[in-house]
Amino acid sequence: MAKKKFVEEITSMEEDFGRWYTDVVKKAGLIDYSSVRGCMILKPYGYAIWENLQRKLDKRFKKKGIQNVYMPMFIPESLLQKEKDHVEGFAPEVAWVTHGGQEKLAEKLCIRPTSETLFCELYAREVKSYRDLPKLYNQWCSVVRWEKTTRPFLRSLEFLWQEGHTVHATEEDAKRTTIDMLNIYADFSSEVLAIPMIKGQKTEKEKFAGARETYTIESLMHDGKALQSGTTHHFGDGFARAFDIQYLDENNEQVYAWQTSWGVSTRLVGAIIMVHGDNRGLVLPPEIAPVKAVIVPVAMHKEGVLEKAKEVKEMLGGSMEVLLDDTDKKPGWKFNEYEMMGVPLRIELGPKDMEKGQVILVRRDNGQKIIVPAAGISDRVQKVLRDIQKSLYEKALNHRNENTFSVAGFEELAEKIEARPGFFKAMWCKDMECEEKIREQTGATIRCVPFEQEKLSDKCLCCGKEAGAMVYLAKTY
RNA sequence: CGGGGCGUAGCGCAGUUUGGUAGCGCACAUCGUUCGGGACGAUGGGGUCGCAGGUUCAAAUCCUGUCGCCCCGACCA
C-alpha cells in the first residue's frame, strides 16, 4: 500500500490557510454549523476550551474585585439611542425583535450587540454618592451582531464573550482601570494562551463607538495576518452625561461619573488555533487544553497492558485531566486523532515498555519522544507540560519577531506587505487622511499606536510630514 | 451587496448532457481475526435527491421561483 499522509482530511496551511482553518475547526470537533446562517454550535470539546479560558480569566477578574452580574439580552430602542456615537456605530448591525407572540410591540427591542446602555441605566440608579464608587461589574454572555461575512470563532452572528463595565469617581481612576484591564488581558494571553500580544491604543478611526480612548491587544497569526484579540475603552464622562450618571462628591457637589468597558470573546479560541496549529491539526497550550495528556495503550489485549495504563492514569489523574483511550481502534488511528485534537502530550504504553518498566511520552508541539520510567511519572509529565507551554510561547514570539518589519515609505509598505504579510512598524503623522489612503491602497490598517514606541524617523510614511507616532500596520481578520 | 461555484445517506462524491427500479467510498452496527503511525473479512442498517410550484404516462434529471453554503470582491469591533 502507498504511504499515507498522516492526516488526509486537513488541507495544508501552505496550500490554503483559510481551508486549513475551517478543516481544523471541524475535524478537531470544536464546532459544527447550525441551520442559522453565520451561527455555530460549540461542541463539547470546543466549549471545554472556552470554559477553561472563562474560568482562568474570571479568577483574574475576581482578584481585582470585579463582580459578575447578568443583564437582559433585550435593549429597548429608546435606550439604545441615548448615546449618539454609540448608536450610530452599532445600528447597521443590530437584530430587532418586533413581535411578542402575535402582538406587535409598542417599542421594538434590540438584541444586545453590547450592553453599555443597560449598564448605564443601572448605574444611573445605583450611583448616588462618591461612597458608591467605584463599581466594577462584568458579565459573561452572548451578543448578536448581524455581520455580512462570518467565520467560526472569528466573526459569527452570535458569539460568547465577557463585557466588563466600571464606573469611577475620577477620570484618573477610570483611565487606570482601562490600562489595568488591558494588562490583565495581555498577561492572560501570554501565560495561559501562550500568545504574545502587542499592547497599544486605537486610532480615532478605529476606536469603539462612544469611547474617548480605545486600547487593544493585537496578535499575529501564522499566516501573517493580525487579529484584534481584545479591547478596553475609556469612556470619559460621555455616557455618564447621556445617561445622567451623577453623584454627590465629598464637597456635596453633583458631578458626573467616569466609565470604562472591556471585552474578550470566543475569538481568542480562533487565535489559539491560528497561532499554534500545524498541518496535523490543532495544538493546544497545556494551560488551556481540556485534555492535557492521552494514554494510548498498545496491544491492549496482551495481558497487563490495560491494567498498567489504568495505573498510569491513576498516578496522573489526581492533578490533571488525563484521557485513557481503551477503544478498539488501532494505535496509529489514535495517534492521528489526538494530534488533530491538539492534546499536548501522548503517553504510549505497550508490552515492550512494560518489560522495561517505562512509558513513552510524545510531545504534540515538536513530536519529541521521551522515554521515562513508569515510577514517578507524575512529576515528569508536569515538567514536560510546563516545557510545552513555555516553548509554544517562545515559538509564537519568534514567529512574530521574524514577521515584524520596519518600513520608511508608502511604496515600501505596499511592496513588502504584498510579498509577505506581517506586522509593519512605521511612523505616522496622526492624520486620518493618511490612515485612509494606506488602507485603500495597501489593504493594511493601523492596528495600534503601541505603548512601546521607537523613533524610526521624523517623517510620516505616507505624506512625509512630521511624524507623531510609531504605529503597527497589518492586514487583518 | 456584486461576480462565480455547489446543494443526492452522518461525511466525500458519481448519476443530470440524452427523463424510465437511487449508487460508490468512508463512517455506523454485529461476529471473527488483528493491534508500536489511520488493519482485514463476512453480514447488515440508513435516502420523500435543499424547499415550493410547473411540464410529463413517468422528474435527482427539464422549466420557474425560493432558501442555504463555499470562493473572489465591497463592507464590518
# chains A, B, ... in the order shown; residues from 1 in each chain; ligands from 1

$ residues_around --residues "Met340 in chain A" --least-positions-apart "5" --cutoff "9 Å" --atoms "only C-alpha atoms (C1' of nucleotides)" --output "ChimeraX atom specification"
/A:7,10,24,27-28,279-283,335

$ residues_around --residues "range 450-458 of chain A" --least-positions-apart "3" --cutoff "6 Å" --atoms "only C-alpha atoms (C1' of nucleotides)" --output "list in words"
Lys199, Gly200, Glu466 and Ala467 of chain A

$ residues_around --residues "Ala474 in chain A" --least-positions-apart "6" --cutoff "9 Å" --atoms "only C-alpha atoms (C1' of nucleotides)" --output "PyMOL selection string"
chain A and resi 220+224-226+417+421-424+443-447

$ select_by_dssp --residues "range 356-467 of chain A" --states "alpha helix (DSSP H)" --output "ChimeraX atom specification"
/A:356,377-402,410-419,432-442

$ closest_residue --among "A:Ala419, A:Ile360, A:Ala194, A:Leu397" --to "chain B" --atoms "only C-alpha atoms (C1' of nucleotides)"
A:Ile360

$ residues_around --residues "A14 in chain B" --least-positions-apart "4" --cutoff "10 Å" --atoms "only C-alpha atoms (C1' of nucleotides)" --output "ChimeraX atom specification"
/B:8,23-24

$ write_last_selection --atoms "N, CA and C atoms (P, O5', C5', C4', C3', O3' and C1' of nucleotides)" --output "mmCIF file, in the first residue's frame"
data_model
loop_
_atom_site.group_PDB
_atom_site.id
_atom_site.type_symbol
_atom_site.label_atom_id
_atom_site.label_comp_id
_atom_site.auth_asym_id
_atom_site.auth_seq_id
_atom_site.Cartn_x
_atom_site.Cartn_y
_atom_site.Cartn_z
ATOM 1 P P U B 8 -26.237 17.358 -0.974
ATOM 2 O "O5'" U B 8 -27.106 16.465 -1.958
ATOM 3 C "C5'" U B 8 -28.444 16.120 -1.630
ATOM 4 C "C4'" U B 8 -28.782 14.745 -2.097
ATOM 5 C "C3'" U B 8 -27.910 13.626 -1.554
ATOM 6 O "O3'" U B 8 -28.277 13.245 -0.243
ATOM 7 C "C1'" U B 8 -28.093 13.342 -3.871
ATOM 8 P P G B 23 -30.228 1.391 -5.822
ATOM 9 O "O5'" G B 23 -28.800 1.970 -6.206
ATOM 10 C "C5'" G B 23 -27.657 1.460 -5.593
ATOM 11 C "C4'" G B 23 -26.439 2.045 -6.269
ATOM 12 C "C3'" G B 23 -25.211 2.100 -5.373
ATOM 13 O "O3'" G B 23 -24.552 0.846 -5.361
ATOM 14 C "C1'" G B 23 -25.471 4.169 -6.473
ATOM 15 P P C B 24 -23.742 0.380 -4.073
ATOM 16 O "O5'" C B 24 -22.404 1.220 -4.210
ATOM 17 C "C5'" C B 24 -21.492 0.958 -5.276
ATOM 18 C "C4'" C B 24 -20.342 1.922 -5.233
ATOM 19 C "C3'" C B 24 -19.613 2.031 -3.897
ATOM 20 O "O3'" C B 24 -18.707 0.962 -3.699
ATOM 21 C "C1'" C B 24 -19.987 4.195 -4.756
#

$ interface_residues --of "chain B" --to "chain A" --cutoff "10 Å" --atoms "only C-alpha atoms (C1' of nucleotides)" --output "list in words"
C1, U34, C35, G36, G37, G38, A39, G68, C69, C75, C76 and A77 of chain B

$ residues_around --residues "Cys460 in chain A" --least-positions-apart "2" --cutoff "7 Å" --atoms "only C-alpha atoms (C1' of nucleotides)" --output "list in words"
Met427, Trp428, Cys429, Cys462, Cys463, Gly464, Lys465, Glu466 and Ala467 of chain A

$ residues_around --residues "range 5-7 of chain B" --least-positions-apart "3" --cutoff "8 Å" --atoms "only C-alpha atoms (C1' of nucleotides)" --output "list in words"
G50, C69, C70 and C71 of chain B

$ residues_around --residues "Ala426 in chain A" --least-positions-apart "6" --cutoff "6 Å" --atoms "only C-alpha atoms (C1' of nucleotides)" --output "list in words"
Ser406, Val407, Met470 and Val471 of chain A

$ atom_distance --atom1 "CA of Thr170 in chain A" --atom2 "CA of Leu79 in chain A"
25.1 Å

$ select_by_dssp --residues "range 135-269 of chain A" --states "strand (DSSP E or B)" --output "PyMOL selection string"
chain A and resi 135-144+151+155+158-168+198-201+213-220+226-236+246-248+254-256+258-265

$ decode --residues "range 46-189 of chain A" --atoms "C-alpha atoms" --output "compact mmCIF listing (two decimals), in the first residue's frame"
# COMPACT_ATOMS: atom_id res chain seq x y z
CA GLY A 46 -14.75 23.45 21.74
CA TYR A 47 -16.90 24.56 24.65
CA ALA A 48 -14.48 22.96 27.12
CA ILE A 49 -11.70 25.20 25.80
CA TRP A 50 -13.97 28.21 26.32
CA GLU A 51 -14.83 27.03 29.84
CA ASN A 52 -11.15 26.78 30.75
CA LEU A 53 -10.49 30.22 29.34
CA GLN A 54 -13.51 31.61 31.15
CA ARG A 55 -12.58 30.06 34.49
CA LYS A 56 -8.99 31.25 34.41
CA LEU A 57 -9.77 34.75 33.24
CA ASP A 58 -12.64 35.11 35.69
CA LYS A 59 -10.27 34.23 38.52
CA ARG A 60 -8.05 37.15 37.49
CA PHE A 61 -11.08 39.46 37.41
CA LYS A 62 -12.16 38.40 40.89
CA LYS A 63 -8.69 39.21 42.20
CA LYS A 64 -9.28 42.79 41.04
CA GLY A 65 -12.54 42.93 42.96
CA ILE A 66 -14.73 42.64 39.89
CA GLN A 67 -18.21 41.19 40.44
CA ASN A 68 -20.27 39.21 37.95
CA VAL A 69 -23.82 40.20 37.03
CA TYR A 70 -26.28 39.24 34.32
CA MET A 71 -28.17 41.75 32.21
CA PRO A 72 -31.20 41.12 29.97
CA MET A 73 -30.49 40.35 26.33
CA PHE A 74 -33.05 42.93 25.11
CA ILE A 75 -32.49 46.66 24.84
CA PRO A 76 -35.43 49.00 24.10
CA GLU A 77 -34.83 51.16 21.04
CA SER A 78 -35.12 54.38 23.03
CA LEU A 79 -32.43 53.27 25.48
CA LEU A 80 -30.01 52.25 22.74
CA GLN A 81 -30.37 55.68 21.17
CA LYS A 82 -29.33 57.74 24.17
CA GLU A 83 -25.67 57.99 23.23
CA LYS A 84 -25.33 59.29 19.68
CA ASP A 85 -21.95 57.89 18.57
CA HIS A 86 -22.71 54.57 20.17
CA VAL A 87 -25.97 54.02 18.32
CA GLU A 88 -24.52 55.18 15.02
CA GLY A 89 -21.70 52.71 15.38
CA PHE A 90 -23.90 49.73 16.12
CA ALA A 91 -27.18 50.48 14.31
CA PRO A 92 -26.17 48.85 11.00
CA GLU A 93 -25.62 45.50 12.63
CA VAL A 94 -28.29 45.03 15.29
CA ALA A 95 -31.08 42.45 15.21
CA TRP A 96 -34.56 43.60 16.27
CA VAL A 97 -37.45 41.89 18.00
CA THR A 98 -40.70 43.40 16.76
CA HIS A 99 -43.30 40.91 18.00
CA GLY A 100 -44.14 39.16 21.25
CA GLY A 101 -46.25 36.17 20.39
CA GLN A 102 -48.88 37.50 17.98
CA GLU A 103 -48.74 41.06 19.31
CA LYS A 104 -46.71 43.75 17.68
CA LEU A 105 -44.56 45.50 20.29
CA ALA A 106 -45.20 49.18 21.01
CA GLU A 107 -41.43 49.68 21.07
CA LYS A 108 -39.10 47.31 19.30
CA LEU A 109 -36.33 45.63 21.28
CA CYS A 110 -32.83 45.17 20.02
CA ILE A 111 -30.88 42.03 20.85
CA ARG A 112 -27.78 43.36 22.62
CA PRO A 113 -24.75 43.88 20.37
CA THR A 114 -23.02 45.05 23.61
CA SER A 115 -24.53 46.22 26.89
CA GLU A 116 -23.19 49.69 27.67
CA THR A 117 -26.68 51.18 27.63
CA LEU A 118 -28.10 48.65 30.08
CA PHE A 119 -25.21 49.09 32.49
CA CYS A 120 -25.56 52.85 32.25
CA GLU A 121 -29.25 52.64 33.06
CA LEU A 122 -28.42 50.62 36.16
CA TYR A 123 -25.56 52.88 37.22
CA ALA A 124 -27.76 55.95 36.90
CA ARG A 125 -29.95 54.43 39.61
CA GLU A 126 -27.24 52.89 41.79
CA VAL A 127 -24.69 55.67 41.91
CA LYS A 128 -25.70 58.45 44.30
CA SER A 129 -22.62 59.15 46.39
CA TYR A 130 -18.86 59.06 46.00
CA ARG A 131 -19.12 56.28 48.60
CA ASP A 132 -20.85 54.09 45.96
CA LEU A 133 -17.79 54.22 43.73
CA PRO A 134 -16.14 52.50 42.07
CA LYS A 135 -18.49 49.83 40.77
CA LEU A 136 -16.72 47.02 38.97
CA TYR A 137 -19.16 44.76 37.11
CA ASN A 138 -18.67 42.10 34.49
CA GLN A 139 -20.94 39.72 32.65
CA TRP A 140 -20.38 36.52 30.70
CA CYS A 141 -22.98 36.34 27.96
CA SER A 142 -23.54 36.21 24.24
CA VAL A 143 -24.14 39.16 21.94
CA VAL A 144 -25.51 39.43 18.42
CA ARG A 145 -24.09 41.44 15.53
CA TRP A 146 -25.52 40.97 12.06
CA GLU A 147 -22.27 40.54 10.15
CA LYS A 148 -22.26 40.09 6.39
CA THR A 149 -19.49 37.54 6.23
CA THR A 150 -18.80 35.12 9.05
CA ARG A 151 -16.14 32.62 10.11
CA PRO A 152 -16.19 30.23 13.08
CA PHE A 153 -14.79 31.89 16.23
CA LEU A 154 -13.50 34.93 14.33
CA ARG A 155 -16.76 36.54 13.34
CA SER A 156 -20.18 34.99 13.90
CA LEU A 157 -23.66 36.50 14.26
CA GLU A 158 -23.86 35.42 17.86
CA PHE A 159 -20.76 34.99 19.97
CA LEU A 160 -19.80 34.37 23.58
CA TRP A 161 -17.76 36.95 25.43
CA GLN A 162 -17.34 38.81 28.65
CA GLU A 163 -18.01 42.51 28.92
CA GLY A 164 -16.77 44.42 31.91
CA HIS A 165 -18.32 47.78 32.80
CA THR A 166 -16.96 50.01 35.51
CA VAL A 167 -17.87 53.40 36.90
CA HIS A 168 -15.48 55.61 38.85
CA ALA A 169 -15.33 58.83 40.83
CA THR A 170 -12.39 60.25 38.92
CA GLU A 171 -11.09 60.26 35.39
CA GLU A 172 -7.68 59.05 36.60
CA ASP A 173 -9.27 56.04 38.25
CA ALA A 174 -11.18 55.16 35.07
CA LYS A 175 -8.10 55.59 32.88
CA ARG A 176 -6.01 53.46 35.22
CA THR A 177 -8.64 50.71 35.10
CA THR A 178 -8.66 50.81 31.29
CA ILE A 179 -4.91 50.16 31.25
CA ASP A 180 -5.05 47.65 34.14
CA MET A 181 -7.60 45.55 32.27
CA LEU A 182 -5.52 45.66 29.10
CA ASN A 183 -2.59 44.34 31.11
CA ILE A 184 -4.74 41.57 32.57
CA TYR A 185 -5.70 40.52 29.05
CA ALA A 186 -2.13 40.64 27.79
CA ASP A 187 -0.75 38.69 30.76
CA PHE A 188 -3.52 36.14 30.49
CA SER A 189 -2.78 35.70 26.78
